[in-house]
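target_25.pdb, holding PDB, C-alpha atoms and all ligand atoms:
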ATOM      1  CA  MET G   7      -6.641 -14.950  -2.750  1.00  0.00           C
ATOM      2  CA  ASN G   8      -3.428 -14.730  -0.744  1.00  0.00           C
ATOM      3  CA  ILE G   9      -1.815 -11.366  -0.144  1.00  0.00           C
ATOM      4  CA  ALA G  10       1.386 -10.025   1.391  1.00  0.00           C
ATOM      5  CA  VAL G  11       1.262  -6.598   3.008  1.00  0.00           C
ATOM      6  CA  PHE G  12       4.416  -4.468   3.169  1.00  0.00           C
ATOM      7  CA  VAL G  13       4.568  -1.953   6.025  1.00  0.00           C
ATOM      8  CA  SER G  14       7.008   0.446   7.661  1.00  0.00           C
ATOM      9  CA  GLY G  15       4.938   2.366  10.193  1.00  0.00           C
ATOM     10  CA  ARG G  16       1.748   2.495  12.156  1.00  0.00           C
ATOM     11  CA  GLY G  17      -0.172  -0.180  10.234  1.00  0.00           C
ATOM     12  CA  SER G  18      -3.621   1.362  10.127  1.00  0.00           C
ATOM     13  CA  ASN G  19      -4.045   0.285   6.492  1.00  0.00           C
ATOM     14  CA  LEU G  20      -3.007  -3.269   7.422  1.00  0.00           C
ATOM     15  CA  GLN G  21      -5.626  -3.142  10.171  1.00  0.00           C
ATOM     16  CA  ALA G  22      -8.238  -1.842   7.714  1.00  0.00           C
ATOM     17  CA  ILE G  23      -7.510  -4.775   5.388  1.00  0.00           C
ATOM     18  CA  VAL G  24      -7.767  -7.290   8.211  1.00  0.00           C
ATOM     19  CA  ASN G  25     -10.970  -5.696   9.514  1.00  0.00           C
ATOM     20  CA  SER G  26     -12.671  -5.446   6.133  1.00  0.00           C
ATOM     21  CA  ARG G  27     -15.850  -7.516   6.110  1.00  0.00           C
ATOM     22  CA  GLU G  28     -15.817  -7.633   2.316  1.00  0.00           C
ATOM     23  CA  LEU G  29     -12.377  -9.266   2.340  1.00  0.00           C
ATOM     24  CA  GLN G  30     -12.960 -11.596   5.249  1.00  0.00           C
ATOM     25  CA  ASN G  31     -13.912 -14.750   3.392  1.00  0.00           C
ATOM     26  CA  SER G  32     -11.949 -14.379   0.191  1.00  0.00           C
ATOM     27  CA  VAL G  33      -8.660 -12.648   1.000  1.00  0.00           C
ATOM     28  CA  HIS G  34      -6.001 -14.032   3.330  1.00  0.00           C
ATOM     29  CA  VAL G  35      -3.088 -11.991   4.647  1.00  0.00           C
ATOM     30  CA  LYS G  36      -0.409 -14.659   4.400  1.00  0.00           C
ATOM     31  CA  ALA G  37       2.605 -12.443   5.072  1.00  0.00           C
ATOM     32  CA  VAL G  38       3.514  -9.086   6.541  1.00  0.00           C
ATOM     33  CA  VAL G  39       6.848  -7.704   5.358  1.00  0.00           C
ATOM     34  CA  SER G  40       8.720  -4.808   6.918  1.00  0.00           C
ATOM     35  CA  ASP G  41      12.079  -3.093   6.807  1.00  0.00           C
ATOM     36  CA  LYS G  42      11.591  -2.012  10.441  1.00  0.00           C
ATOM     37  CA  SER G  43      11.324  -4.742  13.044  1.00  0.00           C
ATOM     38  CA  ASP G  44      10.075  -2.352  15.724  1.00  0.00           C
ATOM     39  CA  CYS G  45       7.289  -0.658  13.755  1.00  0.00           C
ATOM     40  CA  PRO G  46       3.772  -0.711  15.261  1.00  0.00           C
ATOM     41  CA  ALA G  47       2.476  -2.468  12.134  1.00  0.00           C
ATOM     42  CA  PHE G  48       4.629  -5.471  13.011  1.00  0.00           C
ATOM     43  CA  LYS G  49       3.041  -5.551  16.464  1.00  0.00           C
ATOM     44  CA  ILE G  50      -0.370  -5.749  14.801  1.00  0.00           C
ATOM     45  CA  ALA G  51       0.916  -8.631  12.661  1.00  0.00           C
ATOM     46  CA  ASN G  52       2.291 -10.381  15.759  1.00  0.00           C
ATOM     47  CA  THR G  53      -0.969 -10.003  17.643  1.00  0.00           C
ATOM     48  CA  LEU G  54      -2.813 -11.539  14.710  1.00  0.00           C
ATOM     49  CA  SER G  55      -0.205 -14.339  14.428  1.00  0.00           C
ATOM     50  CA  LEU G  56       0.521 -13.458  10.823  1.00  0.00           C
ATOM     51  CA  ASN G  57       3.728 -14.622   9.110  1.00  0.00           C
ATOM     52  CA  ILE G  58       6.342 -11.919   9.464  1.00  0.00           C
ATOM     53  CA  PHE G  59       9.343 -11.221   7.218  1.00  0.00           C
ATOM     54  CA  LYS G  60      12.023  -8.643   8.001  1.00  0.00           C
ATOM     55  CA  ILE G  61      13.571  -7.405   4.787  1.00  0.00           C
ATOM     56  CA  GLY G  62      16.953  -5.734   4.435  1.00  0.00           C
ATOM     57  CA  SER G  63      20.625  -6.188   5.166  1.00  0.00           C
ATOM     58  CA  LYS G  64      20.589  -5.981   8.984  1.00  0.00           C
ATOM     59  CA  ASP G  65      21.231  -9.034  11.156  1.00  0.00           C
ATOM     60  CA  GLY G  66      18.271 -11.385  11.159  1.00  0.00           C
ATOM     61  CA  PHE G  67      16.750  -9.744   8.073  1.00  0.00           C
ATOM     62  CA  ILE G  68      16.332 -11.551   4.749  1.00  0.00           C
ATOM     63  CA  SER G  69      17.218 -10.555   1.183  1.00  0.00           C
ATOM     64  CA  TYR G  70      14.729  -9.815  -1.588  1.00  0.00           C
ATOM     65  CA  ASP G  71      15.809 -13.047  -3.318  1.00  0.00           C
ATOM     66  CA  ASP G  72      14.854 -15.047  -0.242  1.00  0.00           C
ATOM     67  CA  LEU G  73      11.645 -13.085   0.061  1.00  0.00           C
ATOM     68  CA  ILE G  74      10.665 -13.912  -3.540  1.00  0.00           C
ATOM     69  CA  PHE G  75      11.181 -17.582  -2.694  1.00  0.00           C
ATOM     70  CA  SER G  76       9.078 -17.379   0.489  1.00  0.00           C
ATOM     71  CA  LEU G  77       6.258 -15.440  -1.143  1.00  0.00           C
ATOM     72  CA  GLU G  78       6.135 -17.952  -3.987  1.00  0.00           C
ATOM     73  CA  GLU G  79       5.974 -20.761  -1.448  1.00  0.00           C
ATOM     74  CA  LEU G  80       3.051 -19.036   0.250  1.00  0.00           C
ATOM     75  CA  LYS G  81       1.370 -18.709  -3.160  1.00  0.00           C
ATOM     76  CA  ILE G  82       0.972 -14.959  -2.860  1.00  0.00           C
ATOM     77  CA  ASP G  83      -1.331 -13.548  -5.552  1.00  0.00           C
ATOM     78  CA  LEU G  84      -1.029  -9.867  -4.693  1.00  0.00           C
ATOM     79  CA  ILE G  85       1.475  -7.666  -2.878  1.00  0.00           C
ATOM     80  CA  VAL G  86       0.058  -4.613  -1.148  1.00  0.00           C
ATOM     81  CA  LEU G  87       2.349  -1.760  -0.177  1.00  0.00           C
ATOM     82  CA  ALA G  88       0.656  -0.036   2.739  1.00  0.00           C
ATOM     83  CA  GLY G  89       2.987   2.623   4.022  1.00  0.00           C
ATOM     84  CA  PHE G  90       6.170   0.794   2.978  1.00  0.00           C
ATOM     85  CA  LEU G  91       8.900   3.416   2.687  1.00  0.00           C
ATOM     86  CA  LYS G  92      11.794   1.689   0.943  1.00  0.00           C
ATOM     87  CA  LEU G  93      12.239   1.554  -2.823  1.00  0.00           C
ATOM     88  CA  ILE G  94      11.793  -2.058  -3.889  1.00  0.00           C
ATOM     89  CA  PRO G  95      14.481  -3.568  -6.174  1.00  0.00           C
ATOM     90  CA  VAL G  96      13.619  -3.806  -9.855  1.00  0.00           C
ATOM     91  CA  LYS G  97      14.183  -7.558  -9.849  1.00  0.00           C
ATOM     92  CA  PHE G  98      11.441  -8.041  -7.255  1.00  0.00           C
ATOM     93  CA  ILE G  99       9.052  -5.714  -9.096  1.00  0.00           C
ATOM     94  CA  ARG G 100       9.641  -7.513 -12.393  1.00  0.00           C
ATOM     95  CA  HIS G 101       9.115 -10.878 -10.735  1.00  0.00           C
ATOM     96  CA  PHE G 102       5.663  -9.856  -9.458  1.00  0.00           C
ATOM     97  CA  LYS G 103       4.795  -7.608 -12.418  1.00  0.00           C
ATOM     98  CA  GLY G 104       1.143  -6.540 -12.358  1.00  0.00           C
ATOM     99  CA  LYS G 105       0.723  -7.995  -8.883  1.00  0.00           C
ATOM    100  CA  ILE G 106       1.994  -5.134  -6.716  1.00  0.00           C
ATOM    101  CA  ILE G 107      -0.199  -2.219  -5.664  1.00  0.00           C
ATOM    102  CA  ASN G 108       0.523   0.801  -3.475  1.00  0.00           C
ATOM    103  CA  ILE G 109      -1.605   3.253  -1.518  1.00  0.00           C
ATOM    104  CA  HIS G 110      -0.478   6.867  -1.823  1.00  0.00           C
ATOM    105  CA  PRO G 111      -1.969   9.573   0.404  1.00  0.00           C
ATOM    106  CA  ALA G 112      -2.601  12.163  -2.333  1.00  0.00           C
ATOM    107  CA  LEU G 113      -4.152  12.440  -5.759  1.00  0.00           C
ATOM    108  CA  LEU G 114      -1.438  11.223  -8.124  1.00  0.00           C
ATOM    109  CA  PRO G 115       0.165  12.213 -10.427  1.00  0.00           C
ATOM    110  CA  SER G 116       0.456  15.306  -8.194  1.00  0.00           C
ATOM    111  CA  PHE G 117       2.345  15.174  -4.909  1.00  0.00           C
ATOM    112  CA  GLY G 118       4.195  11.934  -5.606  1.00  0.00           C
ATOM    113  CA  GLY G 119       7.779  10.846  -6.164  1.00  0.00           C
ATOM    114  CA  ALA G 120      10.907  10.506  -4.072  1.00  0.00           C
ATOM    115  CA  GLY G 121      10.582  12.009  -0.604  1.00  0.00           C
ATOM    116  CA  MET G 122       6.819  12.316  -0.928  1.00  0.00           C
ATOM    117  CA  TYR G 123       5.649  10.109   1.897  1.00  0.00           C
ATOM    118  CA  GLY G 124       3.829  10.529   5.179  1.00  0.00           C
ATOM    119  CA  ILE G 125       3.412  14.065   6.423  1.00  0.00           C
ATOM    120  CA  ASN G 126       5.709  15.432   3.648  1.00  0.00           C
ATOM    121  CA  VAL G 127       2.907  14.799   1.182  1.00  0.00           C
ATOM    122  CA  HIS G 128       0.284  16.549   3.261  1.00  0.00           C
ATOM    123  CA  ARG G 129       2.628  19.473   3.940  1.00  0.00           C
ATOM    124  CA  ALA G 130       3.162  19.941   0.196  1.00  0.00           C
ATOM    125  CA  VAL G 131      -0.589  19.778  -0.418  1.00  0.00           C
ATOM    126  CA  PHE G 132      -1.177  22.292   2.402  1.00  0.00           C
ATOM    127  CA  GLU G 133       1.552  24.676   1.168  1.00  0.00           C
ATOM    128  CA  ALA G 134       0.100  24.561  -2.360  1.00  0.00           C
ATOM    129  CA  SER G 135      -3.218  25.655  -0.842  1.00  0.00           C
ATOM    130  CA  ALA G 136      -4.954  22.784  -2.622  1.00  0.00           C
ATOM    131  CA  LYS G 137      -8.662  22.578  -1.918  1.00  0.00           C
ATOM    132  CA  VAL G 138      -9.018  18.859  -2.488  1.00  0.00           C
ATOM    133  CA  SER G 139      -6.754  15.973  -1.679  1.00  0.00           C
ATOM    134  CA  GLY G 140      -7.393  12.273  -1.494  1.00  0.00           C
ATOM    135  CA  ALA G 141      -5.858   8.857  -1.865  1.00  0.00           C
ATOM    136  CA  THR G 142      -4.680   6.820  -4.827  1.00  0.00           C
ATOM    137  CA  VAL G 143      -4.213   3.095  -5.274  1.00  0.00           C
ATOM    138  CA  HIS G 144      -1.903   2.330  -8.190  1.00  0.00           C
ATOM    139  CA  PHE G 145       0.112  -0.481  -9.682  1.00  0.00           C
ATOM    140  CA  VAL G 146       3.772  -0.333  -8.774  1.00  0.00           C
ATOM    141  CA  ASP G 147       6.334   0.019 -11.532  1.00  0.00           C
ATOM    142  CA  GLU G 148      10.047   0.634 -11.309  1.00  0.00           C
ATOM    143  CA  THR G 149       9.938   4.201  -9.998  1.00  0.00           C
ATOM    144  CA  TYR G 150       8.113   5.951  -7.136  1.00  0.00           C
ATOM    145  CA  ASP G 151       4.409   6.623  -7.643  1.00  0.00           C
ATOM    146  CA  THR G 152       4.316   6.425 -11.454  1.00  0.00           C
ATOM    147  CA  GLY G 153       2.443   3.161 -12.036  1.00  0.00           C
ATOM    148  CA  LYS G 154      -1.030   3.121 -13.554  1.00  0.00           C
ATOM    149  CA  ILE G 155      -3.763   4.443 -11.294  1.00  0.00           C
ATOM    150  CA  ILE G 156      -6.355   1.874 -10.233  1.00  0.00           C
ATOM    151  CA  THR G 157      -8.679   3.942  -8.064  1.00  0.00           C
ATOM    152  CA  GLN G 158      -8.799   7.319  -6.334  1.00  0.00           C
ATOM    153  CA  ARG G 159     -11.071   9.165  -3.959  1.00  0.00           C
ATOM    154  CA  CYS G 160     -11.143  12.876  -3.147  1.00  0.00           C
ATOM    155  CA  VAL G 161     -11.671  14.707   0.117  1.00  0.00           C
ATOM    156  CA  ASP G 162     -12.575  18.343   0.574  1.00  0.00           C
ATOM    157  CA  ILE G 163      -9.778  20.118   2.443  1.00  0.00           C
ATOM    158  CA  SER G 164     -10.868  23.696   1.736  1.00  0.00           C
ATOM    159  CA  ASP G 165     -11.324  24.402   5.456  1.00  0.00           C
ATOM    160  CA  VAL G 166      -8.252  22.718   6.983  1.00  0.00           C
ATOM    161  CA  ASN G 167      -5.749  24.521   9.187  1.00  0.00           C
ATOM    162  CA  SER G 168      -2.821  22.106   9.107  1.00  0.00           C
ATOM    163  CA  PRO G 169      -1.159  19.269   7.168  1.00  0.00           C
ATOM    164  CA  GLU G 170      -2.099  16.973  10.065  1.00  0.00           C
ATOM    165  CA  GLU G 171      -5.771  17.708   9.475  1.00  0.00           C
ATOM    166  CA  ILE G 172      -5.350  16.748   5.818  1.00  0.00           C
ATOM    167  CA  ALA G 173      -3.608  13.528   6.858  1.00  0.00           C
ATOM    168  CA  GLU G 174      -6.521  12.616   9.114  1.00  0.00           C
ATOM    169  CA  ARG G 175      -9.122  13.106   6.396  1.00  0.00           C
ATOM    170  CA  VAL G 176      -7.087  11.335   3.731  1.00  0.00           C
ATOM    171  CA  LEU G 177      -6.444   8.354   6.009  1.00  0.00           C
ATOM    172  CA  GLN G 178     -10.201   7.689   6.292  1.00  0.00           C
ATOM    173  CA  VAL G 179     -10.351   7.481   2.517  1.00  0.00           C
ATOM    174  CA  GLU G 180      -7.260   5.237   2.335  1.00  0.00           C
ATOM    175  CA  HIS G 181      -8.976   2.771   4.643  1.00  0.00           C
ATOM    176  CA  GLN G 182     -11.881   2.588   2.195  1.00  0.00           C
ATOM    177  CA  ILE G 183     -10.179   2.434  -1.189  1.00  0.00           C
ATOM    178  CA  LEU G 184      -7.361   0.030  -0.364  1.00  0.00           C
ATOM    179  CA  PRO G 185      -9.674  -2.836   0.709  1.00  0.00           C
ATOM    180  CA  TYR G 186     -11.925  -1.935  -2.247  1.00  0.00           C
ATOM    181  CA  ALA G 187      -9.045  -2.280  -4.730  1.00  0.00           C
ATOM    182  CA  ILE G 188      -7.936  -5.568  -3.144  1.00  0.00           C
ATOM    183  CA  GLN G 189     -11.468  -6.907  -3.367  1.00  0.00           C
ATOM    184  CA  LYS G 190     -11.780  -5.971  -7.046  1.00  0.00           C
ATOM    185  CA  PHE G 191      -8.388  -7.545  -7.780  1.00  0.00           C
ATOM    186  CA  SER G 192      -9.429 -10.755  -5.999  1.00  0.00           C
ATOM    187  CA  GLU G 193     -12.609 -10.887  -8.069  1.00  0.00           C
ATOM    188  CA  GLY G 194     -10.596 -10.501 -11.276  1.00  0.00           C
ATOM    189  CA  LYS G 195     -12.422  -7.258 -11.993  1.00  0.00           C
ATOM    190  CA  ILE G 196      -9.364  -5.122 -12.647  1.00  0.00           C
ATOM    191  CA  SER G 197      -8.058  -5.110 -16.187  1.00  0.00           C
ATOM    192  CA  ILE G 198      -5.870  -2.917 -18.368  1.00  0.00           C
ATOM    193  CA  ALA G 199      -7.154  -1.603 -21.672  1.00  0.00           C
ATOM    194  CA  GLY G 200      -4.545   0.423 -23.515  1.00  0.00           C
ATOM    195  CA  ASN G 201      -3.393   3.096 -21.112  1.00  0.00           C
ATOM    196  CA  ARG G 202      -6.245   2.755 -18.683  1.00  0.00           C
ATOM    197  CA  VAL G 203      -7.028   0.530 -15.742  1.00  0.00           C
ATOM    198  CA  ILE G 204     -10.639  -0.568 -15.869  1.00  0.00           C
ATOM    199  CA  ILE G 205     -12.585  -1.704 -12.807  1.00  0.00           C
ATOM    200  CA  LYS G 206     -15.754  -3.657 -13.436  1.00  0.00           C
TER     201      LYS G 206
HETATM  202  C1  LIG G 301      -0.422   6.094   4.800  1.00  0.00           C
HETATM  203  O1  LIG G 301      -0.807   7.430   4.730  1.00  0.00           O
HETATM  204  C2  LIG G 301       0.038   5.612   3.453  1.00  0.00           C
HETATM  205  O2  LIG G 301      -0.701   6.085   2.408  1.00  0.00           O
HETATM  206  C3  LIG G 301       1.409   6.216   3.432  1.00  0.00           C
HETATM  207  O3  LIG G 301       1.910   5.964   4.711  1.00  0.00           O
HETATM  208  C4  LIG G 301       0.839   5.948   5.622  1.00  0.00           C
HETATM  209  C5  LIG G 301       0.884   4.642   6.330  1.00  0.00           C
HETATM  210  O4  LIG G 301      -0.084   4.555   7.304  1.00  0.00           O
HETATM  211  N1  LIG G 301       2.189   5.829   2.312  1.00  0.00           N
HETATM  212  P1  LIG G 301      -0.331   3.208   8.075  1.00  0.00           P
HETATM  213  O5  LIG G 301       1.026   2.620   8.453  1.00  0.00           O
HETATM  214  O6  LIG G 301      -1.090   2.277   7.161  1.00  0.00           O
HETATM  215  O7  LIG G 301      -1.131   3.607   9.274  1.00  0.00           O
END
Starting from the coordinates I provided, produce the structure as structure tokens.
Amino acid sequence: MNIAVFVSGRGSNLQAIVNSRELQNSVHVKAVVSDKSDCPAFKIANTLSLNIFKIGSKDGFISYDDLIFSLEELKIDLIVLAGFLKLIPVKFIRHFKGKIINIHPALLPSFGGAGMYGINVHRAVFEASAKVSGATVHFVDETYDTGKIITQRCVDISDVNSPEEIAERVLQVEHQILPYAIQKFSEGKISIAGNRVIIK
């Protein structure tokens, strides 16, 4: 299976995908897409000699229409949003309907939506005095963080002293469930029955 990974930041989830032994033989990262040409995730992609696409309206960046064309050419089966911060145009989402997943660093449907990214999420979880947090992999629909949930995992945060501590614990879980969801997708083991996503 060929995947494209969309990134905007550090790239630890991209690294987790690349490092995953379970994905090694069956899943190929054919493209890394970013709206930020200087993000550390792009450096990881460069080091690994992965195809890189800069998306946006700046000089040297390409449009979503061009990106659709390139991803089709690369025969991309799944698009993985791993810390990608920009809202993706509806046209692109419709084109790849059912083939875009996102990792969110909290237990959706709580602590999601516009502005809920990075440390903002963990701060909100901390301020709410939540005792568990976790990560969610979900299908992407036309609005932030509302697509059907594929898989989630919880972490105990009852003893944390800061949002940063929550972020650290949740990130470990992200690095497990994102490769897991990609693997299940590649094996054709994810299906939708009524309102629910079923993983076999
Ligand atoms: C992760 O917490 C992801 O869930 C969130 O942004 C962060 C990206 O981390 N949306 P990285 O770039 O994969 O290290």
Test item: residues no farther than 6 Å from ligand LIG 301 (chain G), counting all atoms listed in the file, as a ChimeraX atom specification: /G:15-20,88-89,109-111,123-124,177
Residue neighbourhood Phe117 in chain G, 8 Å, all atoms listed in the file, exclusion window fewer than 2 positions, as a list in words: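 Near Phe117 in chain G, the qualifying residues are Ala112, Leu113, Leu114, Pro115, Gly119, Met122, Val127, Ala130 and Val131 of chain G.
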Non-local contacts of Phe12 in chain G (7 Å; all atoms listed in the file; under 3 positions in same chain excluded) as a PyMOL selection string: chain G and resi 38-40+86-88+90
Given all atoms listed in the file as the counted atoms, nearest of G:Asn126, G:Gly194, G:Arg100, G:Val179 to Thr149 in chain G: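 For Thr149 in chain G, the nearest of the given residues is G:Arg100.
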Kindly list the centre and edge lengths in Å, rounded to one decimal, for the axis-aligned box that covers all listed atoms of range 135-147 of chain G plus 8 Å on each of its six sides, as lines of an AutoDock Vina configuration file.
center_x = -1.3
center_y = 12.6
center_z = -6.2
size_x = 31.4
size_y = 42.1
size_z = 26.7
With the file shown as input, list the residues that the PyMOL selection byres (((chain G and resi 30-36) around 6) and not hetatm) selects, as a compact mmCIF listing (two decimals) with C-alpha atoms, keeping the file's coordinate frame.
# COMPACT_ATOMS: atom_id res chain seq x y z
CA MET G 7 -6.64 -14.95 -2.75
CA ASN G 8 -3.43 -14.73 -0.74
CA ILE G 9 -1.82 -11.37 -0.14
CA ALA G 10 1.39 -10.02 1.39
CA ARG G 27 -15.85 -7.52 6.11
CA GLU G 28 -15.82 -7.63 2.32
CA LEU G 29 -12.38 -9.27 2.34
CA ALA G 37 2.60 -12.44 5.07
Nearest candidate to Glu133 in chain G (options G:Ile183, G:Ala120, G:Cys160, G:Ile172; using only C-alpha atoms):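 Residue with the minimum atom-to-atom distance to Glu133 in chain G: G:Ile172.
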Point-to-point distance from CA of Gly121 in chain G to CA of Leu77 in chain G, Å rounded to tenths: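 If I compute the distance from CA of Gly121 in chain G to CA of Leu77 in chain G, I get 27.8 Å.
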Interatomic distance (Å, one decimal) between CA of Ile106 in chain G and CA of Leu54 in chain G: 22.9 Å
Result set of the PyMOL selection byres (((chain G and resi 135) around 12) and not hetatm) on the coordinates above, as JSON, numbers by chain: {"G": [128, 129, 130, 131, 132, 133, 134, 136, 137, 138, 139, 162, 163, 164, 165, 166, 167, 168, 169, 172]}
Evaluate the PyMOL selection byres (((chain G and resi 195-204) around 10) and not hetatm) and report residues as a ChimeraX atom specification: /G:104,144-145,154-157,187-194,205-206
